[in-house]
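See below for the structure under consideration.
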Number of protein chains: 2
Amino acid sequence: MLFWKKGFSTTSTRDLQTVVDMRPGSIYSAFGSKEGLYSESLKVYATQLKLLLASHIENSETVVDGLHAFVVTVLESAEDGCEVCMLIKASTEFDHTQPKLKTLTDDLLQQFEHDLSTLFYIAQQRGELANTHSPLEYARLFQIQFTGLRSYLHRPMSKPMTEQLIGMMFTLIKNY
Amino acid sequence: MLFWKKGFSTTSTRDLQTVVDMRPGSIYSAFGSKEGLYSESLKVYATQLKLLLASHIENSETVVDGLHAFVVTVLESAEDGCEVCMLIKASTEFDHTQPKLKTLTDDLLQQFEHDLSTLFYIAQQRGELANTHSPLEYARLFQIQFTGLRSYLHRPMSKPMTEQLIGMMFTLIKNY
DNA sequence: TTTTAACTTGAACAACTGCTCAAAAACAAC
DNA sequence: GTTGTTTTTGAGCAGTTGTTCAAGTTAAAA
């Protein structure tokens with residue numbers, strides 16, 4: 001999606017018109033505003049991310065393996081300009097001057113953190129991970145690591161290190 | 001700086017005029033273009049970051065303590081909109097369609113990574129850290145952790161966790 | 001087939017964008 | 001004080017922005 005690549009304010013409505021193949025009137029009667037269209041795509045992004053994670057958890061032996069597979073998929077399928085999570089990009093773009101988009105972003109991020117916490121709770125119950133830290137603390141570590149990693153892989157010549165850095169990430173999590 | 005807060009393309013030249021108190025003609029005779037002015041401020045940002053790091057290293061017993069103090073200072077003095085490193089923000093904003101700004105950003109980030117490597121090399125020489133990984137690997141871990149942390153602290157109600165998360169970051173580094 | 005309702009179109013809007021350039025002001029050398 | 005040089009000014013340009021709205025098209029109901 002174009003909003004993912006370029007962000008909200010640097011994407012023009014004319015670009016959007018061509019990419020969704022609608023004329024201004026139709027867009028504005030369907031979404032109300034550029035903001036409305038963005039909101040909708042951010043929600044779609046969040047649900048798809050959630051679904052992708054869920055499917056990897058289901059198809060893996062352990063929760064940790066599922067998270068690992070999820071990270072691999074996300075990082076390896078990153079197209080140009082979409083290396084960074086759209087939610088993270090949104091959270092750095094909006095402040096109190098765009099209250100609606102800010103609170104929406106915060107809510108979706110909180111939702112994702114909660115989903116992760118649940119997964120880490122299950123991982124602990126199954127004995128995959130230690131009980132030295134709370135599920136929420138694990139979720140925070142995961143997010144910080146994931147965000148930092150995706151940002152780092154935005155640099156030139158960094159692709160070959162992807163596998164090694166993911167390995168590092170999960171070593172850190174397992175030893176946490 | 002305004003460019004730090006809002007990024008390159010969402011900062012208008014009129015806003016810049018008021019903040020640097022110059023009229024268009026003066027700005028364009030001094031910097032050539034909006035791009036030139038941005039380049040200059042990014043360079044200034046990078047040198048100031050380097051100086052800040054160096055001063056914390058000098059005033060600390062160990063290299064690791066210096067890095068710790070540096071991180072604390074950066075995270076606690078983060079004003080509104082400047083939670084994320086300007087270099088990181090720049091690296092997510094520019095792609096091949098803005099080659100000059102992209103390569104400048106990449107170069108400055110590479111420089112910073114090199115400086116960090118040197119510091120971690122010294123830390124290893126002094127026996128502060130293990131030799132299980134190369135200085136460059138330590139530098140990468142630091143950057144990923146630092147970037148992820150700063151992004152995470154952009155969320156609402158996260159300020160009280162700052163200290164704890166920095167603690168986590170350095171525990172991970174020491175055990176790496 | 002006619003009437004009504006719903007959707008789509010694209011020209012046009014006011015505001016904003018990065019940037020230019022002739023004129024004015026400030027400064028320097030003599 | 002006069003000349004020459006450098007710097008600053010701000011009105012204005014051509015292009016883009018998000019958005020509107022009357023007119024046109026399509027689809028459903030009668």
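So you can find residues: chains in the structure tokens are A, B, ... in the order shown, residues in each start at 1, and ligands are numbered from 1 in order.
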Compile a residue-level contact table for chain D against chain B at a cut-off of 10 Å, reporting for every qualifying residue the shortest atom pair and its distance in Å to one decimal, with only C-alpha atoms (C1' of nucleotides) counted, rows ordered by chain and ascending number, as a Markdown table.
```
| residue | atom | partner | partner_atom | distance |
| --- | --- | --- | --- | --- |
| D:DT7 | C1' | B:Ser26 | CA | 7.7 |
| D:DT8 | C1' | B:Ser26 | CA | 6.4 |
| D:DT9 | C1' | B:Arg23 | CA | 6.9 |
| D:DG10 | C1' | B:Arg23 | CA | 7.8 |
```
Show me a table, sorted first by chain and then by increasing residue number, of the residues of chain A having an atom at most 6 Å from chain B, each with its shortest atom pair and the distance in Å to one decimal, counting only C-alpha atoms and written as a Markdown table.
```
| residue | atom | partner | partner_atom | distance |
| --- | --- | --- | --- | --- |
| A:Ile144 | CA | B:Gly148 | CA | 4.2 |
| A:Gln145 | CA | B:Gly148 | CA | 6.0 |
| A:Thr147 | CA | B:Gly148 | CA | 5.1 |
| A:Gly148 | CA | B:Gly148 | CA | 4.1 |
| A:Leu149 | CA | B:Ile144 | CA | 5.6 |
```
Selected residues written out with N, CA and C atoms, as an mmCIF file, in the first residue's frame:
```
data_model
loop_
_atom_site.group_PDB
_atom_site.id
_atom_site.type_symbol
_atom_site.label_atom_id
_atom_site.label_comp_id
_atom_site.auth_asym_id
_atom_site.auth_seq_id
_atom_site.Cartn_x
_atom_site.Cartn_y
_atom_site.Cartn_z
ATOM 1 N N ILE A 144 10.642 -4.094 20.982
ATOM 2 C CA ILE A 144 11.831 -3.246 20.871
ATOM 3 C C ILE A 144 12.831 -3.868 19.913
ATOM 4 N N GLN A 145 13.038 -5.160 20.084
ATOM 5 C CA GLN A 145 13.978 -5.870 19.234
ATOM 6 C C GLN A 145 13.517 -5.865 17.775
ATOM 7 N N THR A 147 11.371 -3.845 16.245
ATOM 8 C CA THR A 147 11.400 -2.498 15.668
ATOM 9 C C THR A 147 12.824 -2.084 15.317
ATOM 10 N N GLY A 148 13.735 -2.302 16.255
ATOM 11 C CA GLY A 148 15.137 -1.938 16.024
ATOM 12 C C GLY A 148 15.725 -2.692 14.849
ATOM 13 N N LEU A 149 15.371 -3.968 14.784
ATOM 14 C CA LEU A 149 15.883 -4.810 13.717
ATOM 15 C C LEU A 149 15.400 -4.335 12.350
#
```
How close does chain C get to chain B? List, as a Markdown table, each residue of chain C within 12 Å, its nearest atom pair and the distance in Å to one decimal, counting only C-alpha atoms (C1' of nucleotides).
```
| residue | atom | partner | partner_atom | distance |
| --- | --- | --- | --- | --- |
| C:DC16 | C1' | B:Ser12 | CA | 9.2 |
| C:DT17 | C1' | B:Ser12 | CA | 7.4 |
| C:DG18 | C1' | B:Thr13 | CA | 7.1 |
| C:DC19 | C1' | B:Pro24 | CA | 8.0 |
| C:DT20 | C1' | B:Gly25 | CA | 8.3 |
| C:DC21 | C1' | B:Gly25 | CA | 8.8 |
| C:DA22 | C1' | B:Gly25 | CA | 11.9 |
```
Write a file of the just-selected residues containing N, CA, C and O atoms (P, O5', C5', C4', C3', O3' and C1' of nucleotides), as a PDB file, in the first residue's frame.
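After the write, result_31.pdb holds the following:
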```
ATOM      1  P    DC C  16      -2.858  28.294   4.280  1.00  0.00           P
ATOM      2  O5'  DC C  16      -1.663  27.467   3.601  1.00  0.00           O
ATOM      3  C5'  DC C  16      -1.763  26.042   3.514  1.00  0.00           C
ATOM      4  C4'  DC C  16      -0.781  25.544   2.486  1.00  0.00           C
ATOM      5  C3'  DC C  16       0.659  26.029   2.701  1.00  0.00           C
ATOM      6  O3'  DC C  16       1.494  24.919   2.999  1.00  0.00           O
ATOM      7  C1'  DC C  16       0.022  26.112   0.416  1.00  0.00           C
ATOM      8  P    DT C  17       3.003  25.172   3.480  1.00  0.00           P
ATOM      9  O5'  DT C  17       3.847  24.759   2.208  1.00  0.00           O
ATOM     10  C5'  DT C  17       3.702  23.429   1.659  1.00  0.00           C
ATOM     11  C4'  DT C  17       4.417  23.342   0.313  1.00  0.00           C
ATOM     12  C3'  DT C  17       5.771  24.017   0.248  1.00  0.00           C
ATOM     13  O3'  DT C  17       6.744  23.131   0.769  1.00  0.00           O
ATOM     14  C1'  DT C  17       4.505  24.474  -1.735  1.00  0.00           C
ATOM     15  P    DG C  18       8.164  23.702   1.236  1.00  0.00           P
ATOM     16  O5'  DG C  18       8.980  23.875  -0.127  1.00  0.00           O
ATOM     17  C5'  DG C  18       9.194  22.769  -0.986  1.00  0.00           C
ATOM     18  C4'  DG C  18       9.846  23.251  -2.275  1.00  0.00           C
ATOM     19  C3'  DG C  18      11.204  23.923  -2.075  1.00  0.00           C
ATOM     20  O3'  DG C  18      12.088  23.549  -3.138  1.00  0.00           O
ATOM     21  C1'  DG C  18       9.690  25.466  -3.057  1.00  0.00           C
ATOM     22  P    DC C  19      13.601  24.147  -3.162  1.00  0.00           P
ATOM     23  O5'  DC C  19      13.429  25.532  -3.943  1.00  0.00           O
ATOM     24  C5'  DC C  19      12.835  25.518  -5.244  1.00  0.00           C
ATOM     25  C4'  DC C  19      12.630  26.934  -5.738  1.00  0.00           C
ATOM     26  C3'  DC C  19      13.871  27.836  -5.706  1.00  0.00           C
ATOM     27  O3'  DC C  19      14.324  28.008  -7.042  1.00  0.00           O
ATOM     28  C1'  DC C  19      11.861  28.990  -5.102  1.00  0.00           C
ATOM     29  P    DT C  20      15.635  28.855  -7.384  1.00  0.00           P
ATOM     30  O5'  DT C  20      15.026  30.246  -7.885  1.00  0.00           O
ATOM     31  C5'  DT C  20      14.124  30.234  -8.974  1.00  0.00           C
ATOM     32  C4'  DT C  20      13.636  31.646  -9.270  1.00  0.00           C
ATOM     33  C3'  DT C  20      14.761  32.666  -9.506  1.00  0.00           C
ATOM     34  O3'  DT C  20      14.457  33.390 -10.688  1.00  0.00           O
ATOM     35  C1'  DT C  20      13.224  33.480  -7.895  1.00  0.00           C
ATOM     36  P    DC C  21      15.608  33.995 -11.582  1.00  0.00           P
ATOM     37  O5'  DC C  21      15.270  35.552 -11.504  1.00  0.00           O
ATOM     38  C5'  DC C  21      13.923  35.972 -11.244  1.00  0.00           C
ATOM     39  C4'  DC C  21      13.912  37.388 -10.689  1.00  0.00           C
ATOM     40  C3'  DC C  21      15.225  38.153 -10.848  1.00  0.00           C
ATOM     41  O3'  DC C  21      14.915  39.513 -11.117  1.00  0.00           O
ATOM     42  C1'  DC C  21      14.639  38.089  -8.584  1.00  0.00           C
ATOM     43  P    DA C  22      15.630  40.230 -12.382  1.00  0.00           P
ATOM     44  O5'  DA C  22      15.272  41.777 -12.178  1.00  0.00           O
ATOM     45  C5'  DA C  22      13.929  42.210 -12.332  1.00  0.00           C
ATOM     46  C4'  DA C  22      13.502  43.072 -11.153  1.00  0.00           C
ATOM     47  C3'  DA C  22      14.267  44.388 -11.006  1.00  0.00           C
ATOM     48  O3'  DA C  22      13.350  45.421 -10.693  1.00  0.00           O
ATOM     49  C1'  DA C  22      14.439  43.132  -9.001  1.00  0.00           C
TER      50       DA C  22
END
```
- Straight-line distance linking CA of Ile57 (chain A) with CA of Ser117 (chain A), stated in Å to one decimal: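 So the two atoms, CA of Ile57 (chain A) and CA of Ser117 (chain A), lie 13.7 Å apart.
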- Message: At a cut-off of 9 Å, using only C-alpha atoms (C1' of nucleotides), what residues contact Leu104 (chain A)? Leave out same-chain residues fewer than 5 positions from it and give the result as a list of chain:residue names.
- Response: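 So, after excluding close chain neighbours, the residues are A:Ser39, A:Leu42, A:Lys43, A:Pro99, A:Leu109.
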Produce a file of the selected residues containing N, CA and C atoms, as an mmCIF file, in the first residue's frame.
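Contents of out.cif, freshly written:
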```cif
data_model
loop_
_atom_site.group_PDB
_atom_site.id
_atom_site.type_symbol
_atom_site.label_atom_id
_atom_site.label_comp_id
_atom_site.auth_asym_id
_atom_site.auth_seq_id
_atom_site.Cartn_x
_atom_site.Cartn_y
_atom_site.Cartn_z
ATOM 1 N N SER A 39 -7.043 5.907 7.926
ATOM 2 C CA SER A 39 -7.504 5.117 9.078
ATOM 3 C C SER A 39 -7.871 3.710 8.650
ATOM 4 N N LEU A 42 -4.872 1.623 7.761
ATOM 5 C CA LEU A 42 -4.086 1.257 8.944
ATOM 6 C C LEU A 42 -4.752 0.103 9.689
ATOM 7 N N LYS A 43 -6.081 0.153 9.766
ATOM 8 C CA LYS A 43 -6.812 -0.934 10.433
ATOM 9 C C LYS A 43 -6.632 -2.242 9.676
ATOM 10 N N PRO A 99 -5.027 14.243 16.566
ATOM 11 C CA PRO A 99 -5.465 13.393 17.684
ATOM 12 C C PRO A 99 -6.109 12.081 17.242
ATOM 13 N N LEU A 109 -1.395 -0.375 18.385
ATOM 14 C CA LEU A 109 -0.131 -0.861 18.933
ATOM 15 C C LEU A 109 -0.348 -1.561 20.270
#
```
- Item | DSSP alpha helix (DSSP H) residues within chain A, listed as a ChimeraX atom specification | /A:2-6,13-20,24-31,34-58,63-76,86-93,99-125,135-152,162-174
Output file for the residues above (C-alpha atoms, as a tab-separated table (two decimals), in the first residue's frame):
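Result file is result-v2.tsv:
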```
chain	number	residue	atom	x	y	z
A	2	LEU	CA	1.10	3.50	-0.83
A	3	PHE	CA	0.34	4.84	2.65
A	4	TRP	CA	2.65	2.23	4.11
A	5	LYS	CA	5.52	3.26	1.86
A	6	LYS	CA	5.22	7.02	2.00
A	13	THR	CA	-4.66	12.50	-2.87
A	14	ARG	CA	-3.85	12.42	-6.61
A	15	ASP	CA	-1.48	9.51	-6.06
A	16	LEU	CA	-4.21	7.80	-4.08
A	17	GLN	CA	-6.72	8.42	-6.87
A	18	THR	CA	-4.62	6.53	-9.36
A	19	VAL	CA	-3.70	3.70	-7.00
A	20	VAL	CA	-7.28	2.97	-5.89
A	24	PRO	CA	-12.12	12.44	-5.73
A	25	GLY	CA	-15.89	12.46	-5.33
A	26	SER	CA	-16.10	8.69	-4.89
A	27	ILE	CA	-13.25	8.62	-2.41
A	28	TYR	CA	-14.72	11.39	-0.33
A	29	SER	CA	-18.19	9.87	-0.32
A	30	ALA	CA	-16.76	6.52	0.75
A	31	PHE	CA	-14.16	7.60	3.31
A	34	LYS	CA	-7.87	11.52	3.33
A	35	GLU	CA	-7.67	10.84	7.05
A	36	GLY	CA	-10.59	8.41	6.82
A	37	LEU	CA	-8.97	6.48	3.99
A	38	TYR	CA	-5.73	6.33	5.94
A	39	SER	CA	-7.50	5.12	9.08
A	40	GLU	CA	-9.10	2.34	7.11
A	41	SER	CA	-5.84	1.15	5.58
A	42	LEU	CA	-4.09	1.26	8.94
A	43	LYS	CA	-6.81	-0.93	10.43
A	44	VAL	CA	-6.54	-3.35	7.53
A	45	TYR	CA	-2.78	-3.46	7.99
A	46	ALA	CA	-3.14	-4.25	11.69
A	47	THR	CA	-5.62	-7.07	11.11
A	48	GLN	CA	-3.48	-8.59	8.39
A	49	LEU	CA	-0.44	-8.46	10.66
A	50	LYS	CA	-2.42	-10.14	13.40
A	51	LEU	CA	-3.65	-12.82	11.00
A	52	LEU	CA	-0.15	-13.45	9.69
A	53	LEU	CA	1.14	-13.90	13.22
A	54	ALA	CA	-1.72	-16.22	14.15
A	55	SER	CA	-1.17	-18.42	11.10
A	56	HIS	CA	2.53	-18.81	11.89
A	57	ILE	CA	1.75	-19.71	15.50
A	58	GLU	CA	-0.74	-22.35	14.36
A	63	VAL	CA	5.05	-20.54	20.25
A	64	VAL	CA	8.65	-19.36	20.06
A	65	ASP	CA	9.12	-21.14	16.73
A	66	GLY	CA	5.95	-19.46	15.50
A	67	LEU	CA	7.23	-16.04	16.47
A	68	HIS	CA	10.51	-16.86	14.78
A	69	ALA	CA	8.81	-17.88	11.55
A	70	PHE	CA	6.65	-14.76	11.70
A	71	VAL	CA	9.69	-12.51	12.02
A	72	VAL	CA	11.46	-14.30	9.18
A	73	THR	CA	8.46	-13.92	6.87
A	74	VAL	CA	7.98	-10.24	7.65
A	75	LEU	CA	11.63	-9.37	7.20
A	76	GLU	CA	12.17	-11.38	4.04
A	86	MET	CA	3.36	0.74	9.14
A	87	LEU	CA	2.17	1.02	12.73
A	88	ILE	CA	5.59	2.14	13.92
A	89	LYS	CA	5.87	4.60	11.06
A	90	ALA	CA	2.44	5.95	12.00
A	91	SER	CA	3.38	6.27	15.66
A	92	THR	CA	6.40	8.41	14.79
A	93	GLU	CA	4.42	10.54	12.33
A	99	PRO	CA	-5.46	13.39	17.68
A	100	LYS	CA	-7.64	10.92	15.78
A	101	LEU	CA	-4.79	9.25	13.93
A	102	LYS	CA	-2.61	9.34	17.02
A	103	THR	CA	-5.09	7.58	19.28
A	104	LEU	CA	-5.96	5.06	16.58
A	105	THR	CA	-2.28	4.22	16.17
A	106	ASP	CA	-1.74	3.96	19.92
A	107	ASP	CA	-4.76	1.70	20.28
A	108	LEU	CA	-3.65	-0.66	17.51
A	109	LEU	CA	-0.13	-0.86	18.93
A	110	GLN	CA	-1.52	-1.57	22.37
A	111	GLN	CA	-3.70	-4.30	20.87
A	112	PHE	CA	-0.69	-5.90	19.24
A	113	GLU	CA	1.27	-5.74	22.49
A	114	HIS	CA	-1.59	-7.42	24.27
A	115	ASP	CA	-1.71	-10.21	21.67
A	116	LEU	CA	2.02	-10.72	22.10
A	117	SER	CA	1.66	-10.85	25.89
A	118	THR	CA	-0.91	-13.61	25.52
A	119	LEU	CA	1.45	-15.57	23.33
A	120	PHE	CA	4.33	-15.21	25.76
A	121	TYR	CA	2.04	-16.27	28.59
A	122	ILE	CA	1.28	-19.47	26.71
A	123	ALA	CA	4.97	-19.98	25.95
A	124	GLN	CA	5.74	-19.76	29.65
A	125	GLN	CA	2.94	-22.14	30.55
A	135	PRO	CA	4.62	-11.95	29.65
A	136	LEU	CA	4.29	-8.20	29.18
A	137	GLU	CA	8.01	-7.73	29.70
A	138	TYR	CA	8.70	-10.38	27.09
A	139	ALA	CA	6.29	-8.64	24.74
A	140	ARG	CA	8.11	-5.36	25.22
A	141	LEU	CA	11.48	-6.95	24.58
A	142	PHE	CA	10.10	-8.53	21.42
A	143	GLN	CA	8.70	-5.26	20.11
A	144	ILE	CA	11.83	-3.25	20.87
A	145	GLN	CA	13.98	-5.87	19.23
A	146	PHE	CA	11.68	-6.23	16.25
A	147	THR	CA	11.40	-2.50	15.67
A	148	GLY	CA	15.14	-1.94	16.02
A	149	LEU	CA	15.88	-4.81	13.72
A	150	ARG	CA	13.55	-3.64	10.97
A	151	SER	CA	15.00	-0.17	11.19
A	152	TYR	CA	18.53	-1.54	10.99
A	162	THR	CA	19.15	-10.73	8.26
A	163	GLU	CA	19.37	-14.34	9.34
A	164	GLN	CA	22.15	-13.74	11.82
A	165	LEU	CA	20.37	-10.78	13.43
A	166	ILE	CA	17.12	-12.72	13.78
A	167	GLY	CA	19.16	-15.46	15.44
A	168	MET	CA	20.55	-12.89	17.87
A	169	MET	CA	17.07	-11.60	18.60
A	170	PHE	CA	15.74	-14.99	19.62
A	171	THR	CA	18.83	-15.91	21.59
A	172	LEU	CA	18.26	-12.76	23.62
A	173	ILE	CA	14.61	-13.62	24.15
A	174	LYS	CA	15.33	-17.19	25.22
```
- Can you work out the spacing between C1' of DA15 (chain C) and C1' of DT19 (chain D) in Å, to one decimal? 11.0 Å
- Query: How many Å lie between CA of Thr62 (chain A) and CA of Thr132 (chain B), rounded to one decimal?
  - Reply: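 Atom-to-atom, CA of Thr62 (chain A) and CA of Thr132 (chain B) are spaced 28.4 Å apart.
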